[in-house]
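coords.cif (mmCIF, C-alpha atoms) appears below.
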data_final
#
loop_
_atom_site.label_atom_id
_atom_site.label_comp_id
_atom_site.auth_asym_id
_atom_site.auth_seq_id
_atom_site.Cartn_x
_atom_site.Cartn_y
_atom_site.Cartn_z
CA MET A 1 -33.75 -14.41 -55.77
CA LYS A 2 -32.20 -11.34 -57.32
CA TRP A 3 -29.47 -11.31 -54.71
CA LYS A 4 -28.75 -14.95 -55.33
CA LYS A 5 -28.31 -14.35 -59.05
CA PHE A 6 -26.04 -11.40 -58.37
CA ALA A 7 -23.89 -13.44 -55.97
CA VAL A 8 -23.64 -16.28 -58.48
CA VAL A 9 -22.60 -13.98 -61.30
CA ALA A 10 -20.02 -12.27 -59.08
CA SER A 11 -18.43 -15.50 -57.91
CA LEU A 12 -18.50 -16.91 -61.44
CA SER A 13 -16.67 -13.88 -62.78
CA VAL A 14 -14.01 -14.30 -60.11
CA LEU A 15 -13.70 -17.95 -61.14
CA GLY A 16 -13.57 -16.93 -64.80
CA LEU A 17 -10.70 -14.53 -64.11
CA LEU A 18 -8.81 -17.27 -62.28
CA LEU A 19 -9.39 -19.64 -65.21
CA ALA A 20 -8.23 -17.00 -67.69
CA TYR A 21 -5.08 -16.51 -65.63
CA ALA A 22 -4.46 -20.28 -65.62
CA ILE A 23 -5.01 -20.48 -69.37
CA GLY A 24 -2.52 -17.66 -69.87
CA GLU A 25 0.06 -19.68 -67.95
CA MET A 26 -0.52 -22.91 -69.87
CA PRO A 27 1.75 -24.08 -72.70
CA SER A 28 0.35 -23.05 -76.05
CA PHE A 29 -2.16 -25.29 -77.74
CA GLY A 30 -0.74 -28.09 -79.87
CA SER A 31 2.89 -27.75 -78.82
CA LYS A 32 4.91 -30.92 -78.73
CA ASN A 33 6.90 -31.04 -75.53
CA THR A 34 4.34 -30.22 -72.87
CA PRO A 35 4.65 -32.17 -69.59
CA ASP A 36 1.66 -34.37 -70.36
CA LYS A 37 3.43 -35.79 -73.43
CA LEU A 38 6.52 -37.00 -71.56
CA HIS A 39 7.07 -39.93 -69.18
CA VAL A 40 5.07 -42.96 -70.34
CA ILE A 41 3.60 -41.51 -73.53
CA PRO A 42 6.56 -42.18 -75.88
CA ARG A 43 6.66 -45.77 -74.70
CA TYR A 44 2.93 -46.23 -75.31
CA LEU A 45 3.29 -44.75 -78.78
CA GLN A 46 6.29 -46.85 -79.77
CA LYS A 47 5.67 -50.19 -78.12
CA SER A 48 1.90 -50.43 -77.95
CA GLU A 49 1.60 -52.77 -80.90
CA GLU A 50 3.89 -55.44 -79.49
CA GLU A 51 3.05 -54.96 -75.82
CA ALA A 52 -0.69 -54.35 -75.92
CA GLY A 53 -1.50 -56.16 -79.15
CA ALA A 54 -3.59 -53.47 -80.81
CA LYS A 55 -2.72 -51.18 -83.68
CA ASN A 56 -5.10 -48.63 -82.28
CA ILE A 57 -3.07 -47.34 -79.34
CA ILE A 58 -6.15 -46.08 -77.52
CA THR A 59 -7.61 -49.58 -77.53
CA GLY A 60 -4.28 -50.86 -76.26
CA VAL A 61 -4.30 -48.34 -73.43
CA ILE A 62 -7.90 -49.03 -72.50
CA LEU A 63 -7.78 -52.80 -72.50
CA ASN A 64 -4.19 -53.53 -71.61
CA TYR A 65 -2.13 -50.81 -69.95
CA ARG A 66 -5.10 -49.52 -67.98
CA GLY A 67 -7.29 -52.58 -67.91
CA TYR A 68 -8.19 -52.05 -64.27
CA ASP A 69 -9.65 -48.63 -65.08
CA THR A 70 -11.81 -50.07 -67.80
CA GLU A 71 -12.98 -52.84 -65.55
CA GLY A 72 -14.04 -50.27 -62.98
CA GLU A 73 -15.83 -48.36 -65.72
CA VAL A 74 -17.73 -51.45 -66.79
CA THR A 75 -18.72 -51.91 -63.16
CA VAL A 76 -19.86 -48.27 -62.97
CA ILE A 77 -22.18 -48.55 -65.95
CA PHE A 78 -23.57 -51.83 -64.62
CA SER A 79 -24.15 -50.20 -61.21
CA ALA A 80 -25.94 -47.33 -62.95
CA LEU A 81 -28.31 -49.83 -64.51
CA CYS A 82 -28.83 -51.47 -61.11
CA ALA A 83 -29.61 -48.09 -59.53
CA VAL A 84 -32.07 -47.11 -62.26
CA VAL A 85 -33.84 -50.46 -62.06
CA ALA A 86 -33.96 -50.25 -58.26
CA LEU A 87 -35.53 -46.78 -58.47
CA LEU A 88 -37.94 -47.26 -61.35
CA GLY A 89 -38.34 -50.98 -61.91
CA ARG A 90 -38.26 -52.71 -65.24
CA GLU A 91 -40.58 -51.68 -68.04
CA LYS A 92 -44.16 -52.58 -67.37
CA ARG A 93 -44.78 -55.75 -69.30
CA ARG A 94 -48.45 -56.17 -68.62
CA LEU A 95 -49.13 -53.01 -70.56
CA SER A 96 -48.06 -54.54 -73.81
CA ARG A 97 -51.10 -56.80 -73.51
CA SER A 98 -53.56 -54.20 -72.31
CA GLY A 99 -53.91 -52.64 -75.73
CA VAL A 100 -54.11 -49.14 -74.29
CA ASP A 101 -50.91 -47.93 -75.84
CA ALA A 102 -50.64 -50.61 -78.48
CA ALA A 103 -52.35 -48.11 -80.75
CA GLY A 104 -49.03 -46.29 -80.78
CA LYS A 105 -47.97 -42.72 -80.78
CA PRO A 106 -48.97 -40.68 -83.80
CA THR A 107 -45.65 -40.84 -85.61
CA SER A 108 -45.77 -40.10 -89.30
CA VAL A 109 -45.38 -42.63 -92.10
CA ILE A 110 -42.17 -40.96 -93.18
CA VAL A 111 -40.54 -41.37 -89.77
CA ASN A 112 -41.60 -45.01 -89.52
CA THR A 113 -40.36 -45.88 -92.99
CA VAL A 114 -37.04 -44.13 -92.56
CA VAL A 115 -36.47 -45.71 -89.15
CA ARG A 116 -37.32 -49.18 -90.46
CA PHE A 117 -34.86 -48.63 -93.30
CA LEU A 118 -32.08 -47.16 -91.15
CA VAL A 119 -32.03 -49.37 -88.06
CA PRO A 120 -30.45 -52.44 -89.74
CA ILE A 121 -27.80 -50.26 -91.34
CA ILE A 122 -26.98 -48.58 -88.03
CA LEU A 123 -26.71 -51.98 -86.33
CA PHE A 124 -24.40 -53.20 -89.10
CA PHE A 125 -22.22 -50.13 -88.63
CA ALA A 126 -22.16 -50.79 -84.87
CA VAL A 127 -20.87 -54.31 -85.41
CA TYR A 128 -18.19 -52.93 -87.72
CA VAL A 129 -17.12 -50.35 -85.14
CA MET A 130 -16.96 -53.00 -82.41
CA LEU A 131 -14.95 -55.56 -84.37
CA HIS A 132 -12.48 -53.09 -85.89
CA GLY A 133 -11.58 -51.37 -82.63
CA GLU A 134 -8.20 -53.13 -82.71
CA ASP A 135 -6.77 -51.49 -85.79
CA SER A 136 -8.97 -48.53 -86.70
CA PRO A 137 -11.00 -45.89 -84.88
CA GLY A 138 -13.65 -47.64 -82.86
CA GLY A 139 -14.04 -50.02 -80.00
CA GLY A 140 -16.45 -51.60 -77.60
CA PHE A 141 -18.03 -48.59 -75.94
CA GLN A 142 -18.43 -46.69 -79.18
CA GLY A 143 -20.09 -49.63 -80.88
CA GLY A 144 -22.29 -50.15 -77.84
CA ALA A 145 -23.41 -46.53 -77.94
CA VAL A 146 -24.39 -46.95 -81.60
CA VAL A 147 -26.32 -50.16 -80.82
CA GLY A 148 -28.17 -48.39 -78.02
CA ALA A 149 -28.92 -45.41 -80.26
CA SER A 150 -30.42 -47.58 -82.99
CA ILE A 151 -32.68 -49.41 -80.53
CA ILE A 152 -33.75 -46.12 -78.94
CA ILE A 153 -34.63 -44.65 -82.35
CA PHE A 154 -36.75 -47.72 -83.04
CA THR A 155 -38.48 -47.33 -79.66
CA LEU A 156 -39.23 -43.66 -80.23
CA ALA A 157 -40.80 -44.39 -83.61
CA PHE A 158 -42.74 -47.57 -82.84
CA GLY A 159 -43.41 -47.35 -79.11
CA LEU A 160 -42.34 -49.40 -76.14
CA PRO A 161 -44.61 -52.47 -76.59
CA LYS A 162 -43.31 -53.20 -80.05
CA SER A 163 -39.65 -52.91 -79.16
CA THR A 164 -40.01 -54.97 -75.98
CA GLU A 165 -41.56 -57.58 -78.24
CA LYS A 166 -38.43 -57.54 -80.41
CA ILE A 167 -35.95 -57.42 -77.51
CA PRO A 168 -37.68 -59.14 -74.60
CA LEU A 169 -36.52 -58.87 -71.02
CA GLY A 170 -35.37 -62.47 -70.87
CA PHE A 171 -33.00 -61.79 -73.75
CA ARG A 172 -31.59 -58.63 -72.21
CA ILE A 173 -30.94 -59.77 -68.64
CA PRO A 174 -28.08 -62.19 -69.46
CA LEU A 175 -26.52 -59.76 -71.93
CA GLU A 176 -26.45 -56.84 -69.47
CA SER A 177 -23.81 -58.48 -67.31
CA ILE A 178 -21.75 -59.90 -70.16
CA ALA A 179 -19.15 -57.10 -70.06
CA VAL A 180 -18.30 -57.71 -66.41
CA PHE A 181 -18.32 -61.43 -67.11
CA ALA A 182 -16.01 -61.09 -70.13
CA PHE A 183 -13.56 -58.97 -68.19
CA LEU A 184 -13.47 -61.23 -65.14
CA SER A 185 -13.26 -64.47 -67.12
CA MET A 186 -10.43 -63.21 -69.32
CA GLY A 187 -8.66 -61.77 -66.26
CA PHE A 188 -8.87 -65.01 -64.32
CA LEU A 189 -7.83 -67.00 -67.41
CA GLY A 190 -4.41 -65.40 -67.02
CA MET A 191 -4.35 -66.38 -63.35
CA LEU A 192 -5.12 -70.00 -64.25
CA PHE A 193 -1.99 -69.97 -66.39
CA GLY A 194 0.05 -68.60 -63.50
CA VAL A 195 0.43 -64.94 -64.44
CA ASN A 196 -1.18 -61.79 -63.04
CA PHE A 197 -4.82 -60.80 -63.28
CA LEU A 198 -5.61 -59.20 -66.66
CA THR A 199 -2.42 -60.42 -68.33
CA PHE A 200 -3.23 -61.30 -71.90
CA ILE A 201 0.00 -62.99 -72.92
CA LEU A 202 -0.34 -66.55 -71.65
CA PRO A 203 2.86 -68.42 -70.85
CA GLY A 204 3.43 -71.93 -72.13
CA LEU A 205 2.18 -71.16 -75.63
CA SER A 206 4.35 -70.65 -78.68
CA HIS A 207 4.98 -67.05 -79.73
CA GLU A 208 2.57 -67.06 -82.67
CA LEU A 209 -0.18 -68.87 -80.80
CA ALA A 210 0.12 -66.57 -77.79
CA HIS A 211 -0.43 -63.53 -80.00
CA THR A 212 -3.45 -65.08 -81.68
CA VAL A 213 -4.91 -66.01 -78.31
CA ARG A 214 -4.35 -62.47 -77.06
CA PHE A 215 -6.09 -61.04 -80.11
CA LEU A 216 -9.07 -63.34 -79.50
CA MET A 217 -9.22 -62.43 -75.82
CA LEU A 218 -9.12 -58.71 -76.57
CA SER A 219 -11.81 -59.10 -79.24
CA PHE A 220 -13.99 -61.06 -76.83
CA ILE A 221 -13.74 -58.28 -74.26
CA GLU A 222 -14.44 -55.62 -76.90
CA VAL A 223 -17.54 -57.38 -78.19
CA GLY A 224 -18.68 -58.07 -74.62
CA ILE A 225 -18.33 -54.40 -73.67
CA GLY A 226 -20.12 -53.33 -76.85
CA VAL A 227 -23.08 -55.66 -76.52
CA ALA A 228 -23.47 -55.05 -72.80
CA GLY A 229 -23.14 -51.28 -73.21
CA GLY A 230 -25.81 -51.13 -75.89
CA ILE A 231 -28.18 -53.37 -73.99
CA ILE A 232 -27.65 -51.47 -70.74
CA PHE A 233 -28.46 -48.13 -72.41
CA THR A 234 -31.53 -49.76 -73.94
CA SER A 235 -32.70 -51.13 -70.59
CA ILE A 236 -32.20 -47.78 -68.87
CA VAL A 237 -34.29 -46.00 -71.49
CA PHE A 238 -36.94 -48.71 -71.40
CA SER A 239 -37.42 -48.39 -67.66
CA MET A 240 -37.62 -44.60 -67.94
CA ILE A 241 -40.37 -44.58 -70.56
CA ARG A 242 -43.68 -44.04 -68.79
CA GLU A 243 -46.46 -45.14 -71.06
CA ASP A 244 -48.40 -46.67 -68.19
CA GLU A 245 -49.74 -43.28 -67.15
CA TYR A 246 -52.15 -43.50 -70.03
CA GLU A 247 -53.68 -46.54 -68.42
CA LEU A 248 -53.80 -45.14 -64.90
CA GLN A 249 -55.34 -41.85 -65.95
CA PRO A 250 -57.46 -42.46 -69.05
CA ASP A 251 -58.73 -38.85 -69.03
CA LEU A 252 -55.28 -37.49 -69.68
CA SER A 253 -54.73 -39.70 -72.68
CA GLN A 254 -57.89 -38.56 -74.41
CA SER A 255 -57.50 -34.84 -73.91
CA MET B 256 -0.67 -12.88 -67.20
CA ASN B 257 0.17 -13.44 -70.82
CA PHE B 258 -2.68 -12.12 -72.95
CA SER B 259 -1.35 -13.21 -76.32
CA ARG B 260 -1.21 -16.76 -75.09
CA ILE B 261 -4.90 -16.71 -74.18
CA PHE B 262 -5.72 -16.15 -77.84
CA HIS B 263 -3.46 -19.01 -78.89
CA ASN B 264 -5.21 -21.35 -76.45
CA LEU B 265 -8.66 -20.83 -77.91
CA ASN B 266 -9.77 -24.39 -77.10
CA TYR B 267 -9.04 -23.82 -73.44
CA VAL B 268 -10.90 -20.52 -73.48
CA VAL B 269 -13.96 -22.15 -75.03
CA SER B 270 -13.89 -24.93 -72.47
CA ALA B 271 -13.63 -22.40 -69.63
CA VAL B 272 -16.61 -20.47 -71.04
CA LEU B 273 -18.63 -23.69 -71.37
CA PHE B 274 -17.72 -24.62 -67.80
CA LEU B 275 -18.91 -21.27 -66.46
CA MET B 276 -22.13 -21.51 -68.47
CA GLY B 277 -22.82 -24.93 -67.03
CA LEU B 278 -22.04 -23.79 -63.50
CA TYR B 279 -24.34 -20.78 -63.88
CA THR B 280 -27.15 -23.06 -65.06
CA VAL B 281 -26.64 -25.43 -62.14
CA ALA B 282 -26.61 -22.60 -59.62
CA VAL B 283 -29.44 -20.39 -60.89
CA LYS B 284 -32.05 -22.45 -62.74
CA PRO B 285 -34.63 -23.99 -60.40
CA ASN B 286 -35.73 -26.74 -62.81
CA LEU B 287 -33.96 -30.00 -62.02
CA ILE B 288 -33.75 -31.11 -65.67
CA LYS B 289 -32.09 -27.80 -66.54
CA LYS B 290 -29.66 -28.30 -63.67
CA LEU B 291 -28.79 -31.68 -65.16
CA MET B 292 -28.27 -30.09 -68.56
CA GLY B 293 -25.90 -27.63 -66.93
CA LEU B 294 -24.03 -30.48 -65.29
CA ASN B 295 -23.66 -32.16 -68.67
CA ILE B 296 -22.39 -28.93 -70.23
CA MET B 297 -19.77 -28.74 -67.48
CA GLU B 298 -18.74 -32.31 -68.17
CA THR B 299 -18.43 -31.54 -71.87
CA ALA B 300 -16.22 -28.57 -71.05
CA VAL B 301 -13.90 -30.74 -68.99
CA PHE B 302 -13.76 -33.36 -71.75
CA LEU B 303 -12.94 -30.71 -74.34
CA PHE B 304 -10.20 -29.31 -72.13
CA ILE B 305 -8.52 -32.65 -71.43
CA VAL B 306 -8.68 -33.86 -75.02
CA SER B 307 -7.24 -30.51 -76.16
CA THR B 308 -4.19 -30.91 -73.93
CA GLY B 309 -3.23 -34.03 -75.89
CA MET B 310 -3.28 -32.25 -79.24
CA VAL B 311 -0.11 -31.94 -81.33
CA LYS B 312 -0.09 -29.52 -84.25
CA GLY B 313 -0.02 -31.53 -87.48
CA GLY B 314 -0.13 -34.76 -85.51
CA TYR B 315 -1.69 -38.03 -86.60
CA ALA B 316 -4.28 -40.20 -84.91
CA PRO B 317 -2.59 -42.69 -82.55
CA ILE B 318 -3.04 -45.71 -84.79
CA VAL B 319 0.06 -47.64 -85.86
CA GLU B 320 0.37 -47.40 -89.61
CA LYS B 321 3.11 -47.48 -92.19
CA GLY B 322 4.63 -44.07 -92.81
CA VAL B 323 3.51 -42.51 -89.53
CA LYS B 324 6.23 -42.00 -86.95
CA ALA B 325 5.41 -42.53 -83.31
CA SER B 326 6.79 -39.11 -82.45
CA GLU B 327 4.25 -37.45 -84.75
CA MET B 328 1.18 -38.90 -83.08
CA VAL B 329 -1.11 -37.08 -80.67
CA ASN B 330 -1.23 -38.08 -77.03
CA PRO B 331 -3.45 -41.18 -76.63
CA ILE B 332 -3.89 -40.98 -72.85
CA PRO B 333 -6.38 -38.05 -72.73
CA GLN B 334 -8.52 -39.72 -75.38
CA ALA B 335 -8.58 -43.00 -73.46
CA LEU B 336 -9.38 -41.18 -70.21
CA ILE B 337 -12.18 -39.20 -71.81
CA LEU B 338 -13.68 -42.36 -73.27
CA THR B 339 -13.94 -43.60 -69.70
CA GLY B 340 -15.23 -40.23 -68.57
CA ILE B 341 -18.02 -40.10 -71.15
CA VAL B 342 -19.33 -43.49 -70.07
CA VAL B 343 -19.27 -42.46 -66.40
CA ALA B 344 -21.03 -39.17 -67.29
CA VAL B 345 -23.77 -41.09 -69.09
CA SER B 346 -24.17 -43.40 -66.11
CA THR B 347 -24.50 -40.58 -63.60
CA THR B 348 -26.94 -38.75 -65.87
CA ALA B 349 -29.08 -41.88 -66.11
CA VAL B 350 -29.24 -42.25 -62.32
CA ALA B 351 -30.00 -38.53 -61.88
CA LEU B 352 -32.82 -38.70 -64.44
CA ALA B 353 -34.29 -41.70 -62.64
CA LEU B 354 -34.24 -39.69 -59.41
CA CYS B 355 -35.95 -36.81 -61.25
CA ILE B 356 -38.71 -39.17 -62.39
CA LYS B 357 -39.22 -40.31 -58.79
CA ILE B 358 -39.32 -36.70 -57.55
CA HIS B 359 -41.90 -35.80 -60.16
CA GLU B 360 -44.00 -38.82 -59.21
CA ARG B 361 -43.99 -37.85 -55.54
CA PHE B 362 -44.27 -34.06 -55.65
CA GLY B 363 -45.74 -33.41 -59.07
CA THR B 364 -43.13 -30.79 -59.84
CA LEU B 365 -39.51 -30.55 -60.92
CA ASP B 366 -39.05 -27.04 -59.56
CA ALA B 367 -36.45 -27.29 -56.82
CA SER B 368 -37.81 -24.24 -55.00
CA LYS B 369 -41.35 -25.68 -54.84
CA ILE B 370 -40.41 -29.10 -53.50
CA PRO B 371 -41.52 -29.08 -49.86
CA GLY B 372 -39.15 -29.68 -46.97
CA LYS B 373 -38.40 -32.92 -45.24
CA GLU B 374 -41.17 -32.74 -42.66
CA GLU B 375 -43.88 -32.90 -45.31
CA ILE B 376 -42.72 -36.10 -46.99
#
In structure tokens, how does this file's structure come out?
Amino acid sequence: MKWKKFAVVASLSVLGLLLAYAIGEMPSFGSKNTPDKLHVIPRYLQKSEEEAGAKNIITGVILNYRGYDTEGEVTVIFSALCAVVALLGREKRRLSRSGVDAAGKPTSVIVNTVVRFLVPIILFFAVYVMLHGEDSPGGGFQGGAVVGASIIIFTLAFGLPKSTEKIPLGFRIPLESIAVFAFLSMGFLGMLFGVNFLTFILPGLSHELAHTVRFLMLSFIEVGIGVAGGIIFTSIVFSMIREDEYELQPDLSQS
Amino acid sequence: MNFSRIFHNLNYVVSAVLFLMGLYTVAVKPNLIKKLMGLNIMETAVFLFIVSTGMVKGGYAPIVEKGVKASEMVNPIPQALILTGIVVAVSTTAVALALCIKIHERFGTLDASKIPGKEEI
């Protein structure tokens, strides 16, 4: 064990020296004309609003210039949910009727009151972040993370049975796949009009109308990503919470 | 090696230190949850490093507004990439935690050195 630690520290210090050498060779922090700011970057910065249809250039990059990447990312998070559910199963529904853990964890009155007061406000903020991703800091994933956080706070304060009552499984299952669905449907919509997959400017429409349609399509994808992200995080946390052990081993719960 | 430059690139130095801390945790700590924490620290270090490369001194956020020139904005590509990276990191962490739960159910321990070998499963 001691030898292992020594070997690890030695190899890490070699790696640290190599990293320090690399940092010494890098262009200084915050300089303007480093290689990573050339090539496509000036074009993204100057033309993003007309080409990608979003004032927030990051949203434009994510949904338009690199739409394929984001679609893969949506698939990754959905696959993560699939893997977690395959390993652990969904939350145990029968327990919410058993009454064993309906008594709840001993959270204090202060925590419960503050959570009950804060959760609607957090959800409201999440909707704002999702819908304003086009022209201000924000976007689908960020809003989805805030949605998931608010639901998880509620679960921690009030317990799993109560929050599965509020957000039942039948409500979550269709929403979990809505991001993939939104991406694919909007992508194939372009193909129906005779342009490439994930092209948001549809031919055959007047200039003004095409831009409005593109804005609506992008917003649909953003909201889809946000809702699905939040619900997927919620589902993952729900299937990880193990309150059923109280029922299987009643001695442990009393001690 | 240019020592004065190392002190100018403080963000990169911090991210390298975080990376080494995370790697040390992954290599030395036997507890699987602590290994996961180390992995997440490493991911954070990489995110910090890549976002820092896009920084421009005195630059503006890459949002088109009146009075902000495109040449004064920071690089949007690292931020977009890291947004993707954070989501992937969360996904992998979720799967790893689920595996940890299964390991704890089967062996009753999260200590990697105490988990018995294959023949005993």
Could you check the closest approach to chain A for each of B:Ile261, B:Leu273, B:Leu338, B:Ile358 and tell me which residue wins, using all atoms listed in the file?
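When distances to chain A are compared using all atoms listed in the file, the smallest one comes from B:Ile261.
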Take CA of Lys32 (chain A) and CA of Phe262 (chain B) and report the distance between them in Å, one decimal.
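Those two atoms sit 18.2 Å apart.
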I need the residue set behind the PyMOL selection byres ((chain B) within 7 of (chain A)) for this file; please write it as a list in words.
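Going through the file, the PyMOL selection byres ((chain B) within 7 of (chain A)) ends up selecting Met256, Asn257, Phe258, Arg260, Ile261, His263, Asn264, Tyr267, Ala271, Leu275, Val283, Met310, Val311, Lys312, Pro317, Ile318, Val319, Ala325, Asn330, Pro331, Ala335, Thr339, Val343, Ser346, Thr347, Val350 and Ala353 of chain B.
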Pick the closest to Asn295 (chain B) from B:Ala349, B:Leu365, B:Val269, B:Ile370: which is it, counting only C-alpha atoms?
B:Ala349
Check what the PyMOL selection byres ((chain B and resi 315) around 6) selects in the file above and give those residues as a list in words.
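When the PyMOL selection byres ((chain B and resi 315) around 6) is applied, the selected residues are Gly314, Ala316 and Met328 of chain B.
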Run the PyMOL selection byres ((chain A and resi 187) around 10) against the file shown and list the residues it catches, as a list in words.
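Written out, the selection comes to Gly67, Tyr68, Glu71, Phe181, Ala182, Phe183, Leu184, Ser185, Met186, Phe188, Leu189, Gly190, Met191, Leu192, Val195, Asn196, Phe197, Leu198, Thr199, Phe200 and Met217 of chain A.
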Can you tell me how far CA of Val213 (chain A) sits from CA of His132 (chain A), in Å to one decimal?
16.8 Å
Do you have the CA of Lys357 (chain B)-CA of Gly230 (chain A) distance handy?
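Rounded to one decimal, the two atoms are 24.3 Å apart.
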Please provide as a PyMOL selection string all residues within 9 Å of His211 (chain A), with the sequence filter that same-chain residues fewer than 5 positions apart are discarded (counting only C-alpha atoms).
chain A and resi 53+200-202+206+216
